[in-house]
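Visitor: Here's a structure for you.
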Amino acid sequence: MDSDKPVALVTGAGTGIGRAVSLLLARKGYNLVINFSRSEEASRATAKSAEAAGARALIYRCDVSDGARVRAMLEATQKEFGRLDALINNAGTTIDVEPKDLDGVKVEDWNRVFAVNVLGLFLVTRAAVPLLKQSPNGCIVNTCSIAGLRPSAQPLAYAASKAAVANLTKTLANALGPEIRVNAVAPGWIEGDWMKKTLGENYEGLMARRAKYTPLKRCCTPEDVAETMLSLIESNHFVTGEIIIIDGGFSSTT
């Protein structure tokens, strides 16, 4: 057991932001708990790359909305590593319904989005708190979204769930301080599969248009988000309850 190495649990670690932050943390000397619900092949690939970067990686399949399984995951974390220093609440889901199509939203689909994006965040956080309180630098970083802070093209259930994540971040920061810091990142339009599903065949054109009107002249990448998450974990020790927007200045200037 590498008790001297910090440990991070990343939910939804197989692809996108989860994969990017897992690999960055591995390179920075962290051991990892790689959580996934469905993306087993991608998560094993993430774990393999993390191990190549020097990390020990525990792969754990768990739907974050299942409280019993979440507690079992944290018990496995304690058994494997004996500690937890950082929690990245990144697992998320959405539905493919246009924001204006209110009648197209099924109640069960709405509930599923909130079960993963909001309840899941709470369940994992609650189960992780006892271990995080033992860390000299216990911290939580939640994946929010610009969609939760201002109107966007994202489906209603997703946007509303991310608004709840923003509120939970601030509420938990108050509830868990001073032992644990809680912050969130809110990416804007991010390159990769998530926006490809949202924008469909218009992905290339709309992303290029967004980049044109962004002060930094490009859209966000998973690696940009991972970099900010790492900073919140390692460098910003007097920052808690904040939602950091990562969109190259687009939302501040348009």
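Identifiers in this document derive from the order of the structure tokens: chains are assigned A, B, ..., residues are numbered from 1 separately in each chain, and ligands are numbered from 1 in order of occurrence.
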Could you name the residues that touch His237 of chain A at 12 Å or less, counting only C-alpha atoms, but leaving out those on the same chain fewer than 3 positions away, as a ChimeraX atom specification?
Guide: /A:136-140,177-183,230-234,240-241
Visitor: Produce a file of the selected residues containing N, CA and C atoms, as an mmCIF file, in the first residue's frame.
Guide:
data_model
loop_
_atom_site.group_PDB
_atom_site.id
_atom_site.type_symbol
_atom_site.label_atom_id
_atom_site.label_comp_id
_atom_site.auth_asym_id
_atom_site.auth_seq_id
_atom_site.Cartn_x
_atom_site.Cartn_y
_atom_site.Cartn_z
ATOM 1 N N PRO A 136 -4.844 15.580 4.704
ATOM 2 C CA PRO A 136 -4.378 16.936 4.994
ATOM 3 C C PRO A 136 -4.827 17.949 3.954
ATOM 4 N N ASN A 137 -5.351 17.462 2.835
ATOM 5 C CA ASN A 137 -5.796 18.358 1.766
ATOM 6 C C ASN A 137 -7.051 17.781 1.113
ATOM 7 N N GLY A 138 -8.040 17.461 1.927
ATOM 8 C CA GLY A 138 -9.259 16.884 1.384
ATOM 9 C C GLY A 138 -10.012 17.880 0.518
ATOM 10 N N CYS A 139 -10.324 17.487 -0.704
ATOM 11 C CA CYS A 139 -11.022 18.410 -1.592
ATOM 12 C C CYS A 139 -11.902 17.671 -2.582
ATOM 13 N N ILE A 140 -12.920 18.368 -3.022
ATOM 14 C CA ILE A 140 -13.882 17.849 -3.984
ATOM 15 C C ILE A 140 -13.978 18.838 -5.131
ATOM 16 N N GLY A 177 -16.624 22.560 5.239
ATOM 17 C CA GLY A 177 -15.446 23.288 5.688
ATOM 18 C C GLY A 177 -15.333 23.242 7.214
ATOM 19 N N PRO A 178 -14.143 23.402 7.763
ATOM 20 C CA PRO A 178 -12.897 23.729 7.064
ATOM 21 C C PRO A 178 -12.093 22.517 6.607
ATOM 22 N N GLU A 179 -12.543 21.306 6.946
ATOM 23 C CA GLU A 179 -11.732 20.126 6.633
ATOM 24 C C GLU A 179 -11.662 19.822 5.137
ATOM 25 N N ILE A 180 -12.769 20.093 4.420
ATOM 26 C CA ILE A 180 -12.844 19.714 3.010
ATOM 27 C C ILE A 180 -13.246 20.933 2.192
ATOM 28 N N ARG A 181 -12.501 21.204 1.148
ATOM 29 C CA ARG A 181 -12.861 22.264 0.202
ATOM 30 C C ARG A 181 -13.712 21.664 -0.925
ATOM 31 N N VAL A 182 -14.697 22.431 -1.391
ATOM 32 C CA VAL A 182 -15.585 21.964 -2.459
ATOM 33 C C VAL A 182 -15.716 23.062 -3.512
ATOM 34 N N ASN A 183 -15.312 22.754 -4.731
ATOM 35 C CA ASN A 183 -15.428 23.692 -5.848
ATOM 36 C C ASN A 183 -15.978 22.958 -7.065
ATOM 37 N N LEU A 230 -6.966 20.222 -11.462
ATOM 38 C CA LEU A 230 -5.717 19.999 -10.737
ATOM 39 C C LEU A 230 -5.332 21.227 -9.924
ATOM 40 N N SER A 231 -5.502 22.405 -10.502
ATOM 41 C CA SER A 231 -5.186 23.640 -9.787
ATOM 42 C C SER A 231 -6.054 23.789 -8.542
ATOM 43 N N LEU A 232 -7.333 23.462 -8.655
ATOM 44 C CA LEU A 232 -8.229 23.551 -7.501
ATOM 45 C C LEU A 232 -7.851 22.562 -6.412
ATOM 46 N N ILE A 233 -7.284 21.432 -6.808
ATOM 47 C CA ILE A 233 -6.876 20.417 -5.842
ATOM 48 C C ILE A 233 -5.569 20.814 -5.149
ATOM 49 N N GLU A 234 -4.599 21.239 -5.922
ATOM 50 C CA GLU A 234 -3.234 21.355 -5.400
ATOM 51 C C GLU A 234 -2.801 22.783 -5.062
ATOM 52 N N THR A 240 -12.894 27.920 -1.856
ATOM 53 C CA THR A 240 -13.945 26.911 -1.723
ATOM 54 C C THR A 240 -15.290 27.555 -2.063
ATOM 55 N N GLY A 241 -16.215 26.736 -2.529
ATOM 56 C CA GLY A 241 -17.539 27.235 -2.891
ATOM 57 C C GLY A 241 -17.584 27.984 -4.210
#
Visitor: So that I can check the surroundings of Ser161 of chain A, please list as number ranges by chain every protein, DNA and RNA residue that reaches within 7 Å of it, counting only C-alpha atoms and ignoring chain neighbours fewer than 5 positions away.
Guide: A: 114, 117-118
Visitor: List the spatial neighbours of Met73 of chain A as an mmCIF file with C-alpha atoms, in the first residue's frame - criterion: any atom at most 9 Å away, only C-alpha atoms, same-chain residues fewer than 6 positions off excluded.
Guide:
data_model
loop_
_atom_site.group_PDB
_atom_site.id
_atom_site.type_symbol
_atom_site.label_atom_id
_atom_site.label_comp_id
_atom_site.auth_asym_id
_atom_site.auth_seq_id
_atom_site.Cartn_x
_atom_site.Cartn_y
_atom_site.Cartn_z
ATOM 1 C CA VAL A 33 -9.954 4.914 -8.257
ATOM 2 C CA ASN A 35 -15.182 4.651 -11.566
ATOM 3 C CA TYR A 60 -14.681 0.024 -9.880
ATOM 4 C CA ARG A 61 -17.985 -0.380 -11.693
ATOM 5 C CA CYS A 62 -20.736 1.498 -9.927
ATOM 6 C CA VAL A 124 -20.584 9.769 -3.627
ATOM 7 C CA ALA A 127 -19.728 8.264 1.299
#
Visitor: So which bits of segment 63-174 of chain A end up helix (DSSP H, G or I) when you DSSP the backbone, as an NGL selection string?
Guide: :A and (67-81 or 102-104 or 107-133 or 146-148 or 156-174)
Visitor: Using the selection just defined, write its residues with C-alpha atoms as a PDB file, in the first residue's frame.
Guide:
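Below you can see out_24.pdb, which holds the result:
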ATOM      1  CA  GLY A  67     -26.286   4.315  -2.653  1.00  0.00           C
ATOM      2  CA  ALA A  68     -25.336   0.781  -1.567  1.00  0.00           C
ATOM      3  CA  ARG A  69     -22.899   0.357  -4.441  1.00  0.00           C
ATOM      4  CA  VAL A  70     -21.427   3.798  -3.797  1.00  0.00           C
ATOM      5  CA  ARG A  71     -20.693   2.889  -0.172  1.00  0.00           C
ATOM      6  CA  ALA A  72     -19.132  -0.374  -1.328  1.00  0.00           C
ATOM      7  CA  MET A  73     -16.901   1.593  -3.719  1.00  0.00           C
ATOM      8  CA  LEU A  74     -15.620   3.778  -0.889  1.00  0.00           C
ATOM      9  CA  GLU A  75     -15.053   0.714   1.289  1.00  0.00           C
ATOM     10  CA  ALA A  76     -13.003  -0.770  -1.553  1.00  0.00           C
ATOM     11  CA  THR A  77     -11.061   2.485  -1.789  1.00  0.00           C
ATOM     12  CA  GLN A  78     -10.215   2.364   1.894  1.00  0.00           C
ATOM     13  CA  LYS A  79      -9.228  -1.293   1.697  1.00  0.00           C
ATOM     14  CA  GLU A  80      -7.020  -0.771  -1.358  1.00  0.00           C
ATOM     15  CA  PHE A  81      -5.361   2.539  -0.471  1.00  0.00           C
ATOM     16  CA  LEU A 102     -41.222  20.289 -23.547  1.00  0.00           C
ATOM     17  CA  ASP A 103     -43.627  17.512 -24.487  1.00  0.00           C
ATOM     18  CA  GLY A 104     -40.728  15.388 -25.709  1.00  0.00           C
ATOM     19  CA  VAL A 107     -40.544  11.915 -16.767  1.00  0.00           C
ATOM     20  CA  GLU A 108     -38.430   8.784 -16.367  1.00  0.00           C
ATOM     21  CA  ASP A 109     -35.675  10.323 -18.506  1.00  0.00           C
ATOM     22  CA  TRP A 110     -35.771  13.571 -16.500  1.00  0.00           C
ATOM     23  CA  ASN A 111     -35.531  11.572 -13.279  1.00  0.00           C
ATOM     24  CA  ARG A 112     -32.590   9.557 -14.609  1.00  0.00           C
ATOM     25  CA  VAL A 113     -30.630  12.724 -15.430  1.00  0.00           C
ATOM     26  CA  PHE A 114     -31.183  14.067 -11.914  1.00  0.00           C
ATOM     27  CA  ALA A 115     -30.442  10.666 -10.358  1.00  0.00           C
ATOM     28  CA  VAL A 116     -26.977  10.574 -11.920  1.00  0.00           C
ATOM     29  CA  ASN A 117     -26.044  14.250 -12.083  1.00  0.00           C
ATOM     30  CA  VAL A 118     -27.388  15.435  -8.726  1.00  0.00           C
ATOM     31  CA  LEU A 119     -28.291  12.530  -6.427  1.00  0.00           C
ATOM     32  CA  GLY A 120     -25.192  10.627  -7.560  1.00  0.00           C
ATOM     33  CA  LEU A 121     -22.955  13.569  -6.737  1.00  0.00           C
ATOM     34  CA  PHE A 122     -24.489  13.742  -3.252  1.00  0.00           C
ATOM     35  CA  LEU A 123     -24.240   9.997  -2.605  1.00  0.00           C
ATOM     36  CA  VAL A 124     -20.584   9.769  -3.627  1.00  0.00           C
ATOM     37  CA  THR A 125     -19.721  12.889  -1.645  1.00  0.00           C
ATOM     38  CA  ARG A 126     -21.479  11.623   1.473  1.00  0.00           C
ATOM     39  CA  ALA A 127     -19.728   8.264   1.299  1.00  0.00           C
ATOM     40  CA  ALA A 128     -16.337   9.898   0.677  1.00  0.00           C
ATOM     41  CA  VAL A 129     -16.472  12.461   3.489  1.00  0.00           C
ATOM     42  CA  PRO A 130     -15.067  10.240   6.284  1.00  0.00           C
ATOM     43  CA  LEU A 131     -11.935   9.452   4.253  1.00  0.00           C
ATOM     44  CA  LEU A 132     -11.553  12.974   2.889  1.00  0.00           C
ATOM     45  CA  LYS A 133     -11.666  14.414   6.411  1.00  0.00           C
ATOM     46  CA  ILE A 146     -22.025  26.661 -18.359  1.00  0.00           C
ATOM     47  CA  ALA A 147     -25.496  25.275 -19.135  1.00  0.00           C
ATOM     48  CA  GLY A 148     -26.256  25.374 -15.422  1.00  0.00           C
ATOM     49  CA  LEU A 156     -33.713  21.233 -20.077  1.00  0.00           C
ATOM     50  CA  ALA A 157     -33.129  18.325 -17.701  1.00  0.00           C
ATOM     51  CA  TYR A 158     -29.361  18.556 -18.145  1.00  0.00           C
ATOM     52  CA  ALA A 159     -29.242  22.337 -17.695  1.00  0.00           C
ATOM     53  CA  ALA A 160     -31.448  22.198 -14.604  1.00  0.00           C
ATOM     54  CA  SER A 161     -29.364  19.398 -13.107  1.00  0.00           C
ATOM     55  CA  LYS A 162     -26.175  21.396 -13.582  1.00  0.00           C
ATOM     56  CA  ALA A 163     -27.796  24.404 -11.908  1.00  0.00           C
ATOM     57  CA  ALA A 164     -28.416  22.059  -8.980  1.00  0.00           C
ATOM     58  CA  VAL A 165     -24.743  21.027  -9.072  1.00  0.00           C
ATOM     59  CA  ALA A 166     -23.733  24.697  -8.807  1.00  0.00           C
ATOM     60  CA  ASN A 167     -25.968  25.150  -5.764  1.00  0.00           C
ATOM     61  CA  LEU A 168     -24.804  21.901  -4.152  1.00  0.00           C
ATOM     62  CA  THR A 169     -21.196  22.946  -4.608  1.00  0.00           C
ATOM     63  CA  LYS A 170     -21.734  26.118  -2.618  1.00  0.00           C
ATOM     64  CA  THR A 171     -23.926  24.433  -0.006  1.00  0.00           C
ATOM     65  CA  LEU A 172     -21.473  21.575   0.510  1.00  0.00           C
ATOM     66  CA  ALA A 173     -18.551  23.989   0.757  1.00  0.00           C
ATOM     67  CA  ASN A 174     -20.286  25.565   3.739  1.00  0.00           C
TER      68      ASN A 174
END
Visitor: Can you pull out the residues contacting segment 50-55 of chain A? Cut-off 6 Å, using only C-alpha atoms, and skip same-chain residues under 4 positions away; I want them as a list of chain:residue names.
Guide: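 After dropping sequence-adjacent residues, the list is A:Leu23, A:Ala26, A:Arg27, A:Asn31.
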Visitor: Can you list, as JSON, numbers by chain, all residues belonging to segment 33-247 of chain A that DSSP tags as strand (DSSP E or B)?
Guide: {"A": [33, 34, 35, 36, 57, 58, 59, 60, 61, 86, 87, 88, 89, 139, 140, 141, 142, 143, 181, 182, 183, 184, 185, 186, 187, 190, 220, 243, 244, 245, 246]}
Visitor: Report the closest atom pair, with its distance in Å rounded to one decimal, for each residue of segment 154-210 of chain A that has an atom no farther than 10 Å from segment 11-17 of chain A; count only C-alpha atoms, sort by chain and then rising residue number, and write it as a Markdown table.
Guide:
| residue | atom | partner | partner_atom | distance |
| --- | --- | --- | --- | --- |
| A:Pro187 | CA | A:Ile17 | CA | 9.9 |
| A:Ile190 | CA | A:Gly16 | CA | 9.4 |
| A:Glu191 | CA | A:Gly16 | CA | 9.0 |
| A:Gly192 | CA | A:Gly16 | CA | 7.2 |
| A:Asp193 | CA | A:Gly16 | CA | 7.8 |
| A:Trp194 | CA | A:Gly16 | CA | 8.1 |
Visitor: From the list A:Gly29, A:Pro222, A:Gly249, A:Pro155, which residue is nearest Val105 of chain A when using only C-alpha atoms?
Guide: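 Ranked by minimum distance to Val105 of chain A, first place goes to A:Pro155.
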Visitor: Write out as an NGL selection string each polymer residue whose atoms come within 6 Å of Val7 of chain A, counting only C-alpha atoms; drop sequence neighbours fewer than 6 positions from it.
Guide: :A and (30-32 or 84-85)
Visitor: Would you mind exporting the chosen residues as a PDB file, in the first residue's frame, restricted to C-alpha atoms?
Guide:
ATOM      1  CA  TYR A  30      -1.701  10.258  -7.526  1.00  0.00           C
ATOM      2  CA  ASN A  31      -3.061   6.749  -7.221  1.00  0.00           C
ATOM      3  CA  LEU A  32      -6.546   6.439  -8.660  1.00  0.00           C
ATOM      4  CA  LEU A  84      -8.686   9.453  -0.146  1.00  0.00           C
ATOM      5  CA  ASP A  85      -7.476  12.965  -0.839  1.00  0.00           C
TER       6      ASP A  85
END
